[in-house]
file entry_28.pdb (PDB, C-alpha atoms, pLDDT in the B column)
ATOM      1  CA  MET H   1     163.209  74.483  86.709  1.00 55.00           C
ATOM      2  CA  LYS H   2     166.593  74.819  85.068  1.00 81.00           C
ATOM      3  CA  GLU H   3     168.988  71.933  84.692  1.00 92.00           C
ATOM      4  CA  ILE H   4     171.989  72.481  86.954  1.00 94.00           C
ATOM      5  CA  LEU H   5     174.089  69.304  86.686  1.00 93.00           C
ATOM      6  CA  LEU H   6     174.863  68.580  83.040  1.00 94.00           C
ATOM      7  CA  LYS H   7     177.223  65.601  83.414  1.00 93.00           C
ATOM      8  CA  PRO H   8     179.984  64.226  85.623  1.00 93.00           C
ATOM      9  CA  LEU H   9     183.472  65.142  84.447  1.00 92.00           C
ATOM     10  CA  ILE H  10     185.412  61.888  84.172  1.00 91.00           C
ATOM     11  CA  THR H  11     189.039  62.411  83.181  1.00 90.00           C
ATOM     12  CA  GLU H  12     192.397  61.082  84.370  1.00 92.00           C
ATOM     13  CA  LYS H  13     192.875  64.108  86.604  1.00 89.00           C
ATOM     14  CA  THR H  14     189.463  63.857  88.273  1.00 87.00           C
ATOM     15  CA  THR H  15     189.788  60.088  88.722  1.00 86.00           C
ATOM     16  CA  LYS H  16     193.141  60.528  90.503  1.00 88.00           C
ATOM     17  CA  MET H  17     191.639  63.337  92.573  1.00 84.00           C
ATOM     18  CA  THR H  18     188.786  61.041  93.656  1.00 83.00           C
ATOM     19  CA  LEU H  19     191.023  58.082  94.519  1.00 84.00           C
ATOM     20  CA  LYS H  20     193.707  60.024  96.427  1.00 82.00           C
ATOM     21  CA  SER H  21     191.560  62.343  98.522  1.00 76.00           C
ATOM     22  CA  LYS H  22     190.544  61.405 102.052  1.00 76.00           C
ATOM     23  CA  ASN H  23     187.071  62.862 101.617  1.00 72.00           C
ATOM     24  CA  LYS H  24     185.951  61.999  98.126  1.00 86.00           C
ATOM     25  CA  GLN H  25     186.154  64.807  95.552  1.00 90.00           C
ATOM     26  CA  TYR H  26     184.213  64.741  92.295  1.00 92.00           C
ATOM     27  CA  ALA H  27     183.989  67.056  89.291  1.00 94.00           C
ATOM     28  CA  PHE H  28     180.868  67.962  87.319  1.00 95.00           C
ATOM     29  CA  VAL H  29     180.059  70.082  84.293  1.00 96.00           C
ATOM     30  CA  VAL H  30     177.323  72.448  85.408  1.00 96.00           C
ATOM     31  CA  SER H  31     175.182  75.192  83.932  1.00 96.00           C
ATOM     32  CA  LEU H  32     176.992  78.511  83.421  1.00 95.00           C
ATOM     33  CA  ASP H  33     174.463  80.442  85.487  1.00 94.00           C
ATOM     34  CA  ALA H  34     174.360  77.971  88.426  1.00 95.00           C
ATOM     35  CA  ASN H  35     175.787  79.146  91.744  1.00 95.00           C
ATOM     36  CA  LYS H  36     177.476  77.102  94.478  1.00 96.00           C
ATOM     37  CA  ILE H  37     174.351  76.796  96.623  1.00 96.00           C
ATOM     38  CA  GLU H  38     172.267  75.435  93.718  1.00 95.00           C
ATOM     39  CA  ILE H  39     175.058  72.997  92.770  1.00 96.00           C
ATOM     40  CA  LYS H  40     175.295  71.727  96.365  1.00 96.00           C
ATOM     41  CA  GLN H  41     171.520  71.217  96.618  1.00 95.00           C
ATOM     42  CA  ALA H  42     171.337  69.457  93.231  1.00 94.00           C
ATOM     43  CA  ILE H  43     174.129  66.992  94.107  1.00 93.00           C
ATOM     44  CA  GLU H  44     172.661  66.229  97.525  1.00 93.00           C
ATOM     45  CA  LYS H  45     169.247  65.622  95.978  1.00 93.00           C
ATOM     46  CA  GLN H  46     170.386  63.550  92.971  1.00 91.00           C
ATOM     47  CA  TYR H  47     173.035  61.367  94.630  1.00 90.00           C
ATOM     48  CA  GLY H  48     171.879  61.338  98.270  1.00 90.00           C
ATOM     49  CA  VAL H  49     175.219  62.456  99.760  1.00 91.00           C
ATOM     50  CA  LYS H  50     176.271  65.309 102.065  1.00 93.00           C
ATOM     51  CA  VAL H  51     178.405  67.972 100.356  1.00 94.00           C
ATOM     52  CA  ASP H  52     181.124  69.758 102.363  1.00 94.00           C
ATOM     53  CA  SER H  53     182.348  72.324  99.818  1.00 94.00           C
ATOM     54  CA  VAL H  54     181.945  73.366  96.183  1.00 96.00           C
ATOM     55  CA  ARG H  55     184.602  75.096  94.075  1.00 96.00           C
ATOM     56  CA  THR H  56     183.812  76.362  90.588  1.00 97.00           C
ATOM     57  CA  ALA H  57     185.870  77.273  87.522  1.00 97.00           C
ATOM     58  CA  ILE H  58     184.702  78.712  84.207  1.00 97.00           C
ATOM     59  CA  LYS H  59     186.481  77.548  81.058  1.00 96.00           C
ATOM     60  CA  PRO H  60     186.158  80.452  78.600  1.00 96.00           C
ATOM     61  CA  ALA H  61     185.240  80.168  74.921  1.00 95.00           C
ATOM     62  CA  VAL H  62     188.158  79.461  72.563  1.00 95.00           C
ATOM     63  CA  GLN H  63     188.462  80.477  68.918  1.00 96.00           C
ATOM     64  CA  THR H  64     189.803  77.660  66.749  1.00 95.00           C
ATOM     65  CA  GLN H  65     190.988  77.456  63.172  1.00 95.00           C
ATOM     66  CA  ARG H  66     192.412  74.788  60.908  1.00 94.00           C
ATOM     67  CA  LEU H  67     193.842  74.714  57.437  1.00 95.00           C
ATOM     68  CA  THR H  68     192.143  72.591  54.777  1.00 94.00           C
ATOM     69  CA  ARG H  69     192.456  72.289  51.016  1.00 95.00           C
ATOM     70  CA  LYS H  70     189.633  74.765  50.574  1.00 92.00           C
ATOM     71  CA  GLY H  71     191.078  77.334  52.957  1.00 94.00           C
ATOM     72  CA  VAL H  72     190.900  78.222  56.617  1.00 95.00           C
ATOM     73  CA  ILE H  73     187.945  76.974  58.640  1.00 95.00           C
ATOM     74  CA  GLN H  74     187.219  78.965  61.779  1.00 95.00           C
ATOM     75  CA  GLY H  75     185.123  77.847  64.698  1.00 95.00           C
ATOM     76  CA  LYS H  76     184.532  78.274  68.394  1.00 96.00           C
ATOM     77  CA  LYS H  77     184.514  75.967  71.401  1.00 94.00           C
ATOM     78  CA  SER H  78     181.722  76.881  73.799  1.00 95.00           C
ATOM     79  CA  PRO H  79     182.450  77.985  77.365  1.00 96.00           C
ATOM     80  CA  TYR H  80     181.512  75.715  80.244  1.00 95.00           C
ATOM     81  CA  LYS H  81     181.597  75.715  84.029  1.00 97.00           C
ATOM     82  CA  LYS H  82     183.182  73.008  86.184  1.00 96.00           C
ATOM     83  CA  ALA H  83     182.306  72.318  89.792  1.00 97.00           C
ATOM     84  CA  TYR H  84     184.697  70.477  92.113  1.00 95.00           C
ATOM     85  CA  VAL H  85     182.686  68.951  94.959  1.00 94.00           C
ATOM     86  CA  THR H  86     184.093  67.623  98.246  1.00 92.00           C
ATOM     87  CA  LEU H  87     181.890  65.264 100.247  1.00 91.00           C
ATOM     88  CA  LYS H  88     181.628  65.347 104.054  1.00 89.00           C
ATOM     89  CA  GLU H  89     181.979  61.604 104.586  1.00 81.00           C
ATOM     90  CA  PRO H  90     183.972  59.307 102.270  1.00 77.00           C
ATOM     91  CA  VAL H  91     181.084  57.937 100.201  1.00 78.00           C
ATOM     92  CA  GLU H  92     181.607  56.726  96.653  1.00 80.00           C
ATOM     93  CA  ILE H  93     179.249  57.910  93.905  1.00 82.00           C
ATOM     94  CA  ASP H  94     178.578  55.306  91.218  1.00 76.00           C
ATOM     95  CA  PHE H  95     178.068  57.157  87.924  1.00 77.00           C
ATOM     96  CA  PHE H  96     177.617  53.991  85.863  1.00 74.00           C
ATOM     97  CA  ASN H  97     175.106  52.157  88.127  1.00 74.00           C
ATOM     98  CA  ASN H  98     177.240  49.021  88.352  1.00 63.00           C
ATOM     99  CA  SER H  99     175.309  46.909  90.822  1.00 58.00           C
ATOM    100  CA  ASP H 100     177.267  43.698  91.434  1.00 54.00           C
TER
END
call {"tool": "encode", "arguments": {"input": "entry_28.pdb", "output": "structure tokens"}}
result
Amino acid sequence: MKEILLKPLITEKTTKMTLKSKNKQYAFVVSLDANKIEIKQAIEKQYGVKVDSVRTAIKPAVQTQRLTRKGVIQGKKSPYKKAYVTLKEPVEIDFFNNSD
């Protein structure tokens, strides 16, 4: 079985999105070949929540270059896919397993 959820995407933008939304919204980095149905099933299985909707966005590959003393170094940033998930009921997902 392929790995669908790679990691949660925790940035300032996604944190604000989670705190301000009525129904909690979360962002994940997912496999490039995963579809919305597989993402929804994986999140419901792993976190035990009900998913209302899934939106996806693909960040394309980017060519990079920088100047050094020895010349120009060229590279590439890999493409990745983001999934924005809205939950049906306002349940909070604890990514860090902080049990107080």
call {"tool": "closest_residue", "arguments": {"input": "entry_28.pdb", "among": "H:Val51, H:Ile10, H:Ile4, H:Leu67", "to": "H:Thr86", "atoms": "all atoms listed in the file"}}
result
H:Val51
call {"tool": "residues_near_point", "arguments": {"input": "entry_28.pdb", "point": "(170.6, 72.2, 92.8)", "cutoff": "12 Å", "atoms": "only C-alpha atoms", "output": "CSV table (one decimal) with C-alpha atoms, keeping the file's coordinate frame"}}
result
chain,number,residue,atom,x,y,z
H,1,MET,CA,163.2,74.5,86.7
H,2,LYS,CA,166.6,74.8,85.1
H,3,GLU,CA,169.0,71.9,84.7
H,4,ILE,CA,172.0,72.5,87.0
H,5,LEU,CA,174.1,69.3,86.7
H,6,LEU,CA,174.9,68.6,83.0
H,30,VAL,CA,177.3,72.4,85.4
H,31,SER,CA,175.2,75.2,83.9
H,33,ASP,CA,174.5,80.4,85.5
H,34,ALA,CA,174.4,78.0,88.4
H,35,ASN,CA,175.8,79.1,91.7
H,36,LYS,CA,177.5,77.1,94.5
H,37,ILE,CA,174.4,76.8,96.6
H,38,GLU,CA,172.3,75.4,93.7
H,39,ILE,CA,175.1,73.0,92.8
H,40,LYS,CA,175.3,71.7,96.4
H,41,GLN,CA,171.5,71.2,96.6
H,42,ALA,CA,171.3,69.5,93.2
H,43,ILE,CA,174.1,67.0,94.1
H,44,GLU,CA,172.7,66.2,97.5
H,45,LYS,CA,169.2,65.6,96.0
H,46,GLN,CA,170.4,63.6,93.0
H,47,TYR,CA,173.0,61.4,94.6
H,51,VAL,CA,178.4,68.0,100.4
H,54,VAL,CA,181.9,73.4,96.2
call {"tool": "closest_residue", "arguments": {"input": "entry_28.pdb", "among": "H:Ser78, H:Thr14, H:Asn97, H:Ser21", "to": "H:Lys59", "atoms": "only C-alpha atoms"}}
result
H:Ser78
call {"tool": "residues_around", "arguments": {"input": "entry_28.pdb", "residues": "H:Thr11", "least_positions_apart": "5", "cutoff": "10 Å", "atoms": "all atoms listed in the file", "output": "number ranges by chain"}}
result
H: 16-17, 27
call {"tool": "closest_residue", "arguments": {"input": "entry_28.pdb", "among": "H:Val49, H:Ile58, H:Val72, H:Val85", "to": "H:Phe28", "atoms": "all atoms listed in the file"}}
result
H:Val85
call {"tool": "closest_residue", "arguments": {"input": "entry_28.pdb", "among": "H:Val29, H:Val62, H:Ile93, H:Leu9", "to": "H:Tyr80", "atoms": "all atoms listed in the file"}}
result
H:Val29
call {"tool": "closest_residue", "arguments": {"input": "entry_28.pdb", "among": "H:Lys70, H:Lys20, H:Lys77, H:Lys82", "to": "H:Thr56", "atoms": "only C-alpha atoms"}}
result
H:Lys82
call {"tool": "atom_distance", "arguments": {"input": "entry_28.pdb", "atom1": "atom CA of H:Ser53", "atom2": "atom CA of H:Lys81"}}
result
16.2 Å
call {"tool": "atom_distance", "arguments": {"input": "entry_28.pdb", "atom1": "atom CA of H:Pro79", "atom2": "atom CA of H:Pro8"}}
result
16.2 Å
call {"tool": "atom_distance", "arguments": {"input": "entry_28.pdb", "atom1": "atom CA of H:Ala83", "atom2": "atom CA of H:Ala61"}}
result
17.1 Å
call {"tool": "residues_around", "arguments": {"input": "entry_28.pdb", "residues": "H:Leu87", "least_positions_apart": "3", "cutoff": "8 Å", "atoms": "all atoms listed in the file", "output": "MDAnalysis selection string"}}
result
chainID H and resid 23:25 49:53 90:91
